[in-house]
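Peer 1: Can you keep this structure in mind? I'll have questions shortly.
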Amino acid sequence: MRKQILVTGGAGFLGSHLCEKLIKEGNEVICVDNFFTGQKRNIEHLLDYKNFEVIRHDITFPLYLEVDEIYNLACPASPVHYQIDPVQTTKTSVSGAINMLGLAKRLKIKILQASTSEVYGDPEIHPQPEHYKGSVNPLGIRACYDEGKRCAETLFFDYYRQHNLSIKVMRIFNTYGPNMHPYDGRVVSNFIVQALKNENITVYGGGNQTRSFCYVDDLIDGMYKFMHSENKFTGPVNLGNPNEFSIIELAQKTIELTNSKSKIVYKPLPQDDPMQRKPDIGLAKRKLNWQPKIKLEEGLKKTIEYFENLLKEEAI
Ligand code: NAD
Ligand code: UDP
Ligand code: UDP
């Protein structure tokens, strides 16, 4: 069925891939973005579609539209960016969520929240299952994002209980792929851009900290399946790739796949940087029949190709 779908943060990395999928399925897609970390080039190719519309808007302000479904993705995701204006980051997660929930409540429609593995903080349990309540420092430099996202989850579940709203809360683990901002500051884009330019690869701390990297196509597939799952399955559900790598392994793999002359250099570990992260995806497997298919090497190759093209176009 053709739907009117609102995607907030639609010009960002994940949002642009989601908009493309929804447009190609014939839906009317409205992308709302304030272009804080989003890029016009991510959605330029979608502007030719008659069923695509873009609105420059900051979701911390009310928004009145008529739609059938909402994907709430607006929020900077990279620590470097969400720490530039931490107050705005919390406002986006909290006031932004209230506005989007208010919109969903008025229209009596389903709303999906892009939450994050950061709700687990620096986890003491490994891998992280959904019932783990997390270990977040509420005063640290990551708190604007972590606590903002935690509060957004609270708001989603309160609108669900208090207003009978149909909600979907997904916890996304580190995802990478084309359309990441080249200077977004996240590890995969940093390492690839540094390697392609034969610059030093900046490993923070000893590089023994781990992350589990999911390729964007797998993540979007999971997000879509979750939105279309039975109504009573509200989540929270973890979506990510459980294959865990240390940051030093990622640096070495990136150098190898790009044939780079880059050297690894060590920089201080940022405050509150989690030591390990890996999703327990048992729930997603059972409820959504979903699991990632794309291996790190394959995904990195596709991502490297994207940044190589940007380099050729002198866009980076
Ligand atoms: P991104 O920074 O590329 O995209 C976020 C988009 O939101 C950008 O286009 C930005 O301009 C827009 N935005 C920010 N504040 C806004 C506001 N107040 N009003 C309107 N638009 C606003 O990040 P991403 O990786 O695409 O992440 C998308 C969502 O997924 C975020 O909510 C993020 O927290 C969540 N997430 C992503 C990851 C990941 O690994 N990519 C992991 C966990 C959670
Ligand atoms: N809101 C919005 N669009 C709508 C409906 C509501 O942006 O179509 C905002 C509105 O600014 C409000 C917020 O969502 O402050 C929360 O709405 P809700 O109805 O839950 O609460 P209330 O209006 O009572 O504050
Ligand atoms: N990191 C790194 N070098 C970089 C960027 C990040 O070593 O140039 C590390 C960072 O300290 C963290 C991991 O890579 O341990 C993942 O960082 P990212 O910002 O991508 O996401 P996070 O999972 O920390 O939110």
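Chain identifiers are assigned as A, B, and so on, following the order in which chains appear in the structure tokens; residues are numbered from 1 within each chain, and ligands are numbered from 1 in order of appearance.
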Show me which residues line ligand 3, defined as having an atom within 7 Å of a ligand atom where only C-alpha atoms and all ligand atoms count, and present them as an MDAnalysis selection string.

Peer 2: chainID A and resid 78:79 174 185:188 190:191 202:205 207 209:211 247 269:270 273:275

Peer 1: Could you write out that same residue set with N, CA, C and O atoms as a CSV table (one decimal), in the first residue's frame?

Peer 2:
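Writing the result to selection05.csv gives the following:
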chain,number,residue,atom,x,y,z
A,78,SER,N,27.7,11.1,15.4
A,78,SER,CA,29.1,11.0,15.6
A,78,SER,C,29.5,11.8,16.9
A,78,SER,O,29.1,13.0,17.1
A,79,PRO,N,30.3,11.2,17.8
A,79,PRO,CA,30.6,11.9,19.0
A,79,PRO,C,31.2,13.3,18.7
A,79,PRO,O,30.8,14.3,19.4
A,174,ASN,N,27.0,0.3,15.9
A,174,ASN,CA,27.8,1.0,14.9
A,174,ASN,C,27.5,0.5,13.5
A,174,ASN,O,27.8,-0.7,13.1
A,185,GLY,N,33.9,12.1,11.6
A,185,GLY,CA,34.6,11.8,12.8
A,185,GLY,C,34.5,10.4,13.3
A,185,GLY,O,35.2,10.0,14.2
A,186,ARG,N,33.6,9.6,12.7
A,186,ARG,CA,33.4,8.3,13.2
A,186,ARG,C,34.6,7.4,12.6
A,186,ARG,O,35.2,7.8,11.6
A,187,VAL,N,34.8,6.3,13.3
A,187,VAL,CA,36.0,5.6,13.0
A,187,VAL,C,36.2,5.1,11.6
A,187,VAL,O,37.2,5.2,11.0
A,188,VAL,N,35.1,4.5,11.0
A,188,VAL,CA,35.2,3.9,9.7
A,188,VAL,C,35.5,5.0,8.7
A,188,VAL,O,36.5,4.8,7.9
A,190,ASN,N,36.7,8.0,9.2
A,190,ASN,CA,38.1,8.6,9.4
A,190,ASN,C,39.2,7.7,8.9
A,190,ASN,O,40.1,8.2,8.1
A,191,PHE,N,39.1,6.4,9.2
A,191,PHE,CA,40.2,5.5,8.7
A,191,PHE,C,40.3,5.5,7.2
A,191,PHE,O,41.4,5.5,6.6
A,202,THR,N,44.6,7.6,12.8
A,202,THR,CA,44.6,8.0,14.2
A,202,THR,C,43.8,7.0,15.0
A,202,THR,O,42.6,6.9,15.0
A,203,VAL,N,44.5,6.1,15.7
A,203,VAL,CA,43.9,5.2,16.7
A,203,VAL,C,43.9,5.8,18.0
A,203,VAL,O,44.9,6.3,18.5
A,204,TYR,N,42.7,5.9,18.6
A,204,TYR,CA,42.6,6.5,20.0
A,204,TYR,C,42.8,5.4,21.0
A,204,TYR,O,42.3,4.3,20.9
A,205,GLY,N,43.6,5.8,22.1
A,205,GLY,CA,43.9,4.8,23.1
A,205,GLY,C,44.8,3.8,22.5
A,205,GLY,O,45.5,4.0,21.5
A,207,GLY,N,43.8,1.0,21.1
A,207,GLY,CA,43.2,0.4,19.9
A,207,GLY,C,42.7,-1.0,20.3
A,207,GLY,O,42.2,-1.7,19.4
A,209,GLN,N,40.1,-1.4,22.3
A,209,GLN,CA,38.6,-1.3,22.4
A,209,GLN,C,38.0,-1.9,21.2
A,209,GLN,O,38.5,-1.9,20.1
A,210,THR,N,36.8,-2.5,21.4
A,210,THR,CA,36.1,-3.2,20.3
A,210,THR,C,34.8,-2.5,19.9
A,210,THR,O,34.2,-1.8,20.7
A,211,ARG,N,34.4,-2.7,18.6
A,211,ARG,CA,33.1,-2.4,18.1
A,211,ARG,C,32.7,-3.5,17.2
A,211,ARG,O,33.5,-4.2,16.7
A,247,ILE,N,39.7,-1.9,17.4
A,247,ILE,CA,39.9,-0.8,16.5
A,247,ILE,C,41.3,-0.9,15.8
A,247,ILE,O,41.4,-0.5,14.6
A,269,LEU,N,42.7,8.5,24.3
A,269,LEU,CA,41.4,7.9,24.2
A,269,LEU,C,40.4,9.0,24.8
A,269,LEU,O,40.6,9.5,25.9
A,270,PRO,N,39.3,9.3,24.0
A,270,PRO,CA,38.4,10.3,24.5
A,270,PRO,C,37.7,9.8,25.8
A,270,PRO,O,37.6,8.6,26.1
A,273,ASP,N,34.9,6.7,26.5
A,273,ASP,CA,34.8,5.9,25.3
A,273,ASP,C,34.6,4.4,25.7
A,273,ASP,O,35.5,3.8,26.4
A,274,PRO,N,33.5,3.8,25.3
A,274,PRO,CA,33.3,2.4,25.8
A,274,PRO,C,34.4,1.5,25.3
A,274,PRO,O,34.9,1.6,24.2
A,275,MET,N,34.7,0.5,26.2
A,275,MET,CA,35.8,-0.4,25.9
A,275,MET,C,35.4,-1.6,25.0
A,275,MET,O,36.2,-2.1,24.2

Peer 1: Neighbouring residues of ligand 1 are defined here as those with any atom at most 8 Å from a ligand atom, counting only C-alpha atoms and all ligand atoms; list them as a PyMOL selection string.

Peer 2: chain A and resi 8-16+32-39+56-60+72-78+81+88-89+91-93+96+113-118+145+149+171-176+179-181+184+214

Peer 1: Residues within 7 Å of ligand 2 (only C-alpha atoms and all ligand atoms), as a list in words?

Peer 2: Phe61, Pro62, Leu63, Tyr64, Leu65, Ile98, Asn99, Met100, Leu101, Gly102, Leu103, Lys105 and Arg106 of chain A

Peer 1: Just write the chosen residues, N, CA and C atoms, as an mmCIF file, in the first residue's frame.

Peer 2:
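Okay, result23.cif is ready:
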data_model
loop_
_atom_site.group_PDB
_atom_site.id
_atom_site.type_symbol
_atom_site.label_atom_id
_atom_site.label_comp_id
_atom_site.auth_asym_id
_atom_site.auth_seq_id
_atom_site.Cartn_x
_atom_site.Cartn_y
_atom_site.Cartn_z
ATOM 1 N N PHE A 61 11.400 22.152 17.029
ATOM 2 C CA PHE A 61 10.213 23.022 16.879
ATOM 3 C C PHE A 61 9.052 22.170 16.375
ATOM 4 N N PRO A 62 7.817 22.551 16.744
ATOM 5 C CA PRO A 62 6.662 21.756 16.323
ATOM 6 C C PRO A 62 6.567 21.643 14.798
ATOM 7 N N LEU A 63 5.949 20.569 14.364
ATOM 8 C CA LEU A 63 5.824 20.310 12.925
ATOM 9 C C LEU A 63 4.422 19.778 12.657
ATOM 10 N N TYR A 64 3.709 20.449 11.783
ATOM 11 C CA TYR A 64 2.345 20.010 11.466
ATOM 12 C C TYR A 64 2.288 19.523 10.035
ATOM 13 N N LEU A 65 2.081 18.218 9.853
ATOM 14 C CA LEU A 65 2.040 17.573 8.540
ATOM 15 C C LEU A 65 0.961 16.496 8.605
ATOM 16 N N ILE A 98 9.437 14.624 21.630
ATOM 17 C CA ILE A 98 8.101 15.044 22.092
ATOM 18 C C ILE A 98 7.284 15.562 20.893
ATOM 19 N N ASN A 99 7.925 16.382 20.067
ATOM 20 C CA ASN A 99 7.188 16.912 18.909
ATOM 21 C C ASN A 99 6.757 15.808 17.947
ATOM 22 N N MET A 100 7.679 14.873 17.674
ATOM 23 C CA MET A 100 7.325 13.808 16.723
ATOM 24 C C MET A 100 6.280 12.863 17.324
ATOM 25 N N LEU A 101 6.364 12.643 18.646
ATOM 26 C CA LEU A 101 5.348 11.818 19.314
ATOM 27 C C LEU A 101 3.997 12.541 19.333
ATOM 28 N N GLY A 102 4.054 13.865 19.514
ATOM 29 C CA GLY A 102 2.814 14.659 19.487
ATOM 30 C C GLY A 102 2.159 14.586 18.116
ATOM 31 N N LEU A 103 2.991 14.651 17.088
ATOM 32 C CA LEU A 103 2.484 14.538 15.712
ATOM 33 C C LEU A 103 1.858 13.153 15.498
ATOM 34 N N LYS A 105 0.694 11.159 17.742
ATOM 35 C CA LYS A 105 -0.498 11.030 18.595
ATOM 36 C C LYS A 105 -1.702 11.712 17.934
ATOM 37 N N ARG A 106 -1.482 12.930 17.403
ATOM 38 C CA ARG A 106 -2.591 13.640 16.742
ATOM 39 C C ARG A 106 -3.116 12.835 15.552
#

Peer 1: If you run DSSP over the backbone, which residues in range 8-157 of chain A end up strand (DSSP E or B)? Put them as a ChimeraX atom specification.

Peer 2: /A:8,28-33,52-56,69-72,110-116,121,128,135

Peer 1: Atoms to include: N, CA, C and O atoms. Write the selected residues as a CSV table (one decimal), in the first residue's frame.

Peer 2:
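Wrote it out as part-v7.csv, contents follow:
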chain,number,residue,atom,x,y,z
A,8,THR,N,12.6,11.8,9.5
A,8,THR,CA,13.4,12.9,10.1
A,8,THR,C,14.8,12.5,10.0
A,8,THR,O,15.2,11.4,10.2
A,28,GLU,N,5.1,7.9,-0.8
A,28,GLU,CA,5.4,9.4,-0.8
A,28,GLU,C,6.3,9.7,0.4
A,28,GLU,O,5.9,9.4,1.5
A,29,VAL,N,7.5,10.1,0.1
A,29,VAL,CA,8.4,10.3,1.2
A,29,VAL,C,8.7,11.8,1.5
A,29,VAL,O,9.0,12.5,0.6
A,30,ILE,N,8.5,12.2,2.7
A,30,ILE,CA,8.9,13.6,3.1
A,30,ILE,C,10.1,13.5,4.0
A,30,ILE,O,10.1,12.9,5.1
A,31,CYS,N,11.2,14.1,3.6
A,31,CYS,CA,12.4,14.1,4.4
A,31,CYS,C,12.5,15.5,5.1
A,31,CYS,O,12.4,16.5,4.5
A,32,VAL,N,12.6,15.4,6.4
A,32,VAL,CA,12.7,16.6,7.2
A,32,VAL,C,14.1,16.6,7.8
A,32,VAL,O,14.5,15.7,8.4
A,33,ASP,N,14.9,17.7,7.6
A,33,ASP,CA,16.3,17.8,8.1
A,33,ASP,C,16.7,19.2,8.3
A,33,ASP,O,16.3,20.1,7.5
A,52,PHE,N,9.1,12.4,-3.8
A,52,PHE,CA,10.0,12.8,-2.8
A,52,PHE,C,10.0,14.3,-2.5
A,52,PHE,O,10.0,15.1,-3.5
A,53,GLU,N,10.0,14.6,-1.3
A,53,GLU,CA,9.9,16.1,-0.9
A,53,GLU,C,10.9,16.3,0.3
A,53,GLU,O,11.1,15.5,1.1
A,54,VAL,N,11.5,17.5,0.3
A,54,VAL,CA,12.4,17.8,1.4
A,54,VAL,C,12.0,19.1,2.1
A,54,VAL,O,11.6,20.1,1.4
A,55,ILE,N,12.0,19.1,3.4
A,55,ILE,CA,11.7,20.3,4.2
A,55,ILE,C,12.8,20.6,5.1
A,55,ILE,O,13.3,19.7,5.9
A,56,ARG,N,13.4,21.8,5.0
A,56,ARG,CA,14.4,22.2,6.0
A,56,ARG,C,13.7,22.6,7.3
A,56,ARG,O,13.0,23.6,7.3
A,69,GLU,N,3.0,7.5,8.6
A,69,GLU,CA,4.1,6.7,9.4
A,69,GLU,C,5.3,7.7,9.6
A,69,GLU,O,5.6,8.5,8.7
A,70,ILE,N,6.0,7.5,10.7
A,70,ILE,CA,7.2,8.3,11.0
A,70,ILE,C,8.3,7.4,11.4
A,70,ILE,O,8.3,6.6,12.2
A,71,TYR,N,9.5,7.7,10.7
A,71,TYR,CA,10.8,7.2,11.2
A,71,TYR,C,11.5,8.4,11.7
A,71,TYR,O,11.9,9.3,11.0
A,72,ASN,N,11.8,8.4,13.1
A,72,ASN,CA,12.5,9.5,13.7
A,72,ASN,C,14.0,9.2,13.8
A,72,ASN,O,14.5,8.6,14.8
A,110,LYS,N,1.8,5.2,13.5
A,110,LYS,CA,3.0,4.4,14.0
A,110,LYS,C,4.3,5.3,13.9
A,110,LYS,O,4.5,5.9,12.9
A,111,ILE,N,5.1,5.2,14.9
A,111,ILE,CA,6.4,6.0,14.9
A,111,ILE,C,7.5,5.1,15.4
A,111,ILE,O,7.4,4.4,16.4
A,112,LEU,N,8.6,5.2,14.6
A,112,LEU,CA,9.8,4.4,14.9
A,112,LEU,C,10.9,5.3,15.4
A,112,LEU,O,11.2,6.4,14.8
A,113,GLN,N,11.6,4.9,16.5
A,113,GLN,CA,12.7,5.7,17.0
A,113,GLN,C,14.0,5.0,16.8
A,113,GLN,O,14.2,3.9,17.1
A,114,ALA,N,15.0,5.8,16.2
A,114,ALA,CA,16.3,5.3,16.0
A,114,ALA,C,17.1,5.6,17.3
A,114,ALA,O,17.6,6.6,17.6
A,115,SER,N,17.0,4.6,18.2
A,115,SER,CA,17.8,4.7,19.4
A,115,SER,C,19.2,4.1,19.2
A,115,SER,O,19.5,3.8,18.0
A,116,THR,N,19.9,3.8,20.2
A,116,THR,CA,21.3,3.5,20.0
A,116,THR,C,21.9,2.6,21.1
A,116,THR,O,21.4,2.5,22.2
A,121,GLY,N,25.9,2.6,27.5
A,121,GLY,CA,27.1,3.2,28.0
A,121,GLY,C,28.3,2.4,27.8
A,121,GLY,O,28.5,1.8,26.7
A,128,GLN,N,25.6,-7.2,24.6
A,128,GLN,CA,24.6,-6.5,25.3
A,128,GLN,C,23.2,-7.0,24.9
A,128,GLN,O,22.9,-6.9,23.7
A,135,SER,N,25.3,1.3,31.6
A,135,SER,CA,26.2,1.9,32.6
A,135,SER,C,26.6,3.2,31.9
A,135,SER,O,27.7,3.3,31.2

Peer 1: Find the spatial neighbours of Glu298 in chain A, counting only C-alpha atoms, within a cut-off of 12 Å - ignore same-chain residues fewer than 2 positions away - and output them as a count of residues only.

Peer 2: 20

Peer 1: In Å, how far is it from CA of Gln291 in chain A to CA of Ser212 in chain A?

Peer 2: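 Rounded to one decimal, the two atoms are 13.4 Å apart.
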
Peer 1: Looking only at the backbone, which of the residues in range 58-222 of chain A does DSSP tag as alpha helix (DSSP H), as JSON, numbers by chain?

Peer 2: {"A": [79, 80, 81, 82, 86, 87, 88, 89, 90, 91, 92, 93, 94, 95, 96, 97, 98, 99, 100, 101, 102, 103, 104, 105, 106, 107, 143, 144, 145, 146, 147, 148, 149, 150, 151, 152, 153, 154, 155, 156, 157, 158, 159, 160, 161, 162, 163, 187, 188, 189, 190, 191, 192, 193, 194, 195, 196, 216, 217, 218, 219, 220, 221, 222]}

Peer 1: Rank A:Lys261, A:Arg277, A:Arg161, A:His17 by their smallest atom-to-atom distance to Pro129 in chain A, using only C-alpha atoms, and report the top residue only.

Peer 2: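 Of the candidates, the smallest distance to Pro129 in chain A is held by A:Arg277.
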
Peer 1: Tell me, counting only C-alpha atoms, for each residue of range 202-233 of chain A within 12 Å of range 282-286 of chain A, which pair of atoms is nearest and how far apart they are in Å to one decimal, in rows ordered by chain and increasing number, as a Markdown table.

Peer 2:
| residue | atom | partner | partner_atom | distance |
| --- | --- | --- | --- | --- |
| A:Leu219 | CA | A:Ala284 | CA | 11.4 |
| A:Asp221 | CA | A:Ala284 | CA | 11.8 |
| A:Gly222 | CA | A:Ala284 | CA | 8.2 |
| A:Met223 | CA | A:Ala284 | CA | 10.3 |
| A:Lys225 | CA | A:Ala284 | CA | 9.6 |
| A:Phe226 | CA | A:Ala284 | CA | 8.4 |
| A:Ser229 | CA | A:Ala284 | CA | 10.7 |
| A:Phe233 | CA | A:Leu283 | CA | 10.6 |

Peer 1: Can you write just those residues out, all heavy atoms, as a PDB file, in the first residue's frame?

Peer 2:
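So result.pdb came out as:
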ATOM      1  N   LEU A 219      21.364  -2.965   7.915  1.00  0.00           N
ATOM      2  CA  LEU A 219      20.678  -2.211   8.975  1.00  0.00           C
ATOM      3  C   LEU A 219      19.311  -1.696   8.479  1.00  0.00           C
ATOM      4  O   LEU A 219      18.298  -1.833   9.179  1.00  0.00           O
ATOM      5  CB  LEU A 219      21.584  -1.047   9.400  1.00  0.00           C
ATOM      6  CG  LEU A 219      21.319  -0.303  10.700  1.00  0.00           C
ATOM      7  CD1 LEU A 219      20.234   0.732  10.601  1.00  0.00           C
ATOM      8  CD2 LEU A 219      21.046  -1.240  11.876  1.00  0.00           C
ATOM      9  N   ASP A 221      17.516  -2.854   6.076  1.00  0.00           N
ATOM     10  CA  ASP A 221      16.645  -4.017   5.908  1.00  0.00           C
ATOM     11  C   ASP A 221      15.991  -4.377   7.258  1.00  0.00           C
ATOM     12  O   ASP A 221      14.783  -4.611   7.340  1.00  0.00           O
ATOM     13  CB  ASP A 221      17.524  -5.162   5.369  1.00  0.00           C
ATOM     14  CG  ASP A 221      16.772  -6.447   5.195  1.00  0.00           C
ATOM     15  OD1 ASP A 221      15.662  -6.392   4.676  1.00  0.00           O
ATOM     16  OD2 ASP A 221      17.310  -7.512   5.611  1.00  0.00           O
ATOM     17  N   GLY A 222      16.796  -4.369   8.317  1.00  0.00           N
ATOM     18  CA  GLY A 222      16.281  -4.690   9.656  1.00  0.00           C
ATOM     19  C   GLY A 222      15.293  -3.636  10.145  1.00  0.00           C
ATOM     20  O   GLY A 222      14.257  -3.961  10.738  1.00  0.00           O
ATOM     21  N   MET A 223      15.615  -2.375   9.874  1.00  0.00           N
ATOM     22  CA  MET A 223      14.734  -1.277  10.308  1.00  0.00           C
ATOM     23  C   MET A 223      13.360  -1.400   9.633  1.00  0.00           C
ATOM     24  O   MET A 223      12.308  -1.255  10.260  1.00  0.00           O
ATOM     25  CB  MET A 223      15.383   0.063   9.912  1.00  0.00           C
ATOM     26  CG  MET A 223      14.642   1.264  10.417  1.00  0.00           C
ATOM     27  SD  MET A 223      15.320   2.857   9.878  1.00  0.00           S
ATOM     28  CE  MET A 223      16.947   2.915  10.495  1.00  0.00           C
ATOM     29  N   LYS A 225      12.012  -4.136   8.320  1.00  0.00           N
ATOM     30  CA  LYS A 225      11.302  -5.331   8.831  1.00  0.00           C
ATOM     31  C   LYS A 225      10.673  -5.017  10.185  1.00  0.00           C
ATOM     32  O   LYS A 225       9.566  -5.448  10.476  1.00  0.00           O
ATOM     33  CB  LYS A 225      12.271  -6.504   8.979  1.00  0.00           C
ATOM     34  CG  LYS A 225      12.595  -7.175   7.679  1.00  0.00           C
ATOM     35  CD  LYS A 225      13.224  -8.538   7.922  1.00  0.00           C
ATOM     36  CE  LYS A 225      13.243  -9.330   6.622  1.00  0.00           C
ATOM     37  NZ  LYS A 225      14.538  -9.957   6.365  1.00  0.00           N
ATOM     38  N   PHE A 226      11.393  -4.278  11.003  1.00  0.00           N
ATOM     39  CA  PHE A 226      10.886  -3.940  12.342  1.00  0.00           C
ATOM     40  C   PHE A 226       9.633  -3.065  12.217  1.00  0.00           C
ATOM     41  O   PHE A 226       8.619  -3.325  12.878  1.00  0.00           O
ATOM     42  CB  PHE A 226      11.990  -3.224  13.125  1.00  0.00           C
ATOM     43  CG  PHE A 226      11.629  -2.859  14.539  1.00  0.00           C
ATOM     44  CD1 PHE A 226      10.806  -3.673  15.311  1.00  0.00           C
ATOM     45  CD2 PHE A 226      12.138  -1.695  15.107  1.00  0.00           C
ATOM     46  CE1 PHE A 226      10.483  -3.325  16.628  1.00  0.00           C
ATOM     47  CE2 PHE A 226      11.825  -1.344  16.412  1.00  0.00           C
ATOM     48  CZ  PHE A 226      10.992  -2.159  17.170  1.00  0.00           C
ATOM     49  N   SER A 229       6.711  -5.182  11.459  1.00  0.00           N
ATOM     50  CA  SER A 229       6.443  -6.346  12.306  1.00  0.00           C
ATOM     51  C   SER A 229       5.116  -6.143  13.059  1.00  0.00           C
ATOM     52  O   SER A 229       4.557  -5.047  13.060  1.00  0.00           O
ATOM     53  CB  SER A 229       7.598  -6.550  13.306  1.00  0.00           C
ATOM     54  OG  SER A 229       7.722  -5.412  14.139  1.00  0.00           O
ATOM     55  N   PHE A 233       4.822  -5.788  18.934  1.00  0.00           N
ATOM     56  CA  PHE A 233       6.292  -5.852  19.116  1.00  0.00           C
ATOM     57  C   PHE A 233       6.856  -4.424  19.057  1.00  0.00           C
ATOM     58  O   PHE A 233       7.141  -3.884  17.995  1.00  0.00           O
ATOM     59  CB  PHE A 233       6.938  -6.759  18.060  1.00  0.00           C
ATOM     60  CG  PHE A 233       8.436  -6.904  18.254  1.00  0.00           C
ATOM     61  CD1 PHE A 233       8.984  -7.119  19.518  1.00  0.00           C
ATOM     62  CD2 PHE A 233       9.301  -6.819  17.177  1.00  0.00           C
ATOM     63  CE1 PHE A 233      10.354  -7.244  19.692  1.00  0.00           C
ATOM     64  CE2 PHE A 233      10.675  -6.939  17.343  1.00  0.00           C
ATOM     65  CZ  PHE A 233      11.203  -7.150  18.599  1.00  0.00           C
TER      66      PHE A 233
END

Peer 1: Find the residue from A:Val80, A:Val193, A:Val94, A:Val87 that sits nearest to Gly148 in chain A; use only C-alpha atoms when measuring.

Peer 2: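 Closest residue, counting only C-alpha atoms: A:Val94.
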
Peer 1: Which neighbours of Asn164 in chain A fall inside 10 Å, counting only C-alpha atoms, when residues of the same chain fewer than 5 positions from it are skipped, and could you give them as a list of chain:residue names?

Peer 2: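 Listed by chain and then number, they are A:Lys105, A:Lys108, A:Phe157, A:Asp158, A:Tyr159.
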
Peer 1: How many Å lie between CA of Ile201 in chain A and CA of Gln83 in chain A, rounded to one decimal?

Peer 2: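 Atom-to-atom, CA of Ile201 in chain A and CA of Gln83 in chain A are spaced 21.9 Å apart.
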
Peer 1: Between CA of Ser95 in chain A and CA of Leu155 in chain A, what is the distance, to one decimal in Å?

Peer 2: 10.0 Å

Peer 1: Taking only C-alpha atoms into account, which of A:Leu196, A:Leu18, A:Ala97, A:Ala143 comes nearest Lys312 in chain A?

Peer 2: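 Residue with the minimum atom-to-atom distance to Lys312 in chain A: A:Leu196.
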
Peer 1: Tell me which of A:Gln271, A:Asn243, A:Gln194, A:Asn259 sits closest to Leu311 in chain A, counting only C-alpha atoms.

Peer 2: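 So, comparing all the options, the nearest one is A:Gln194.
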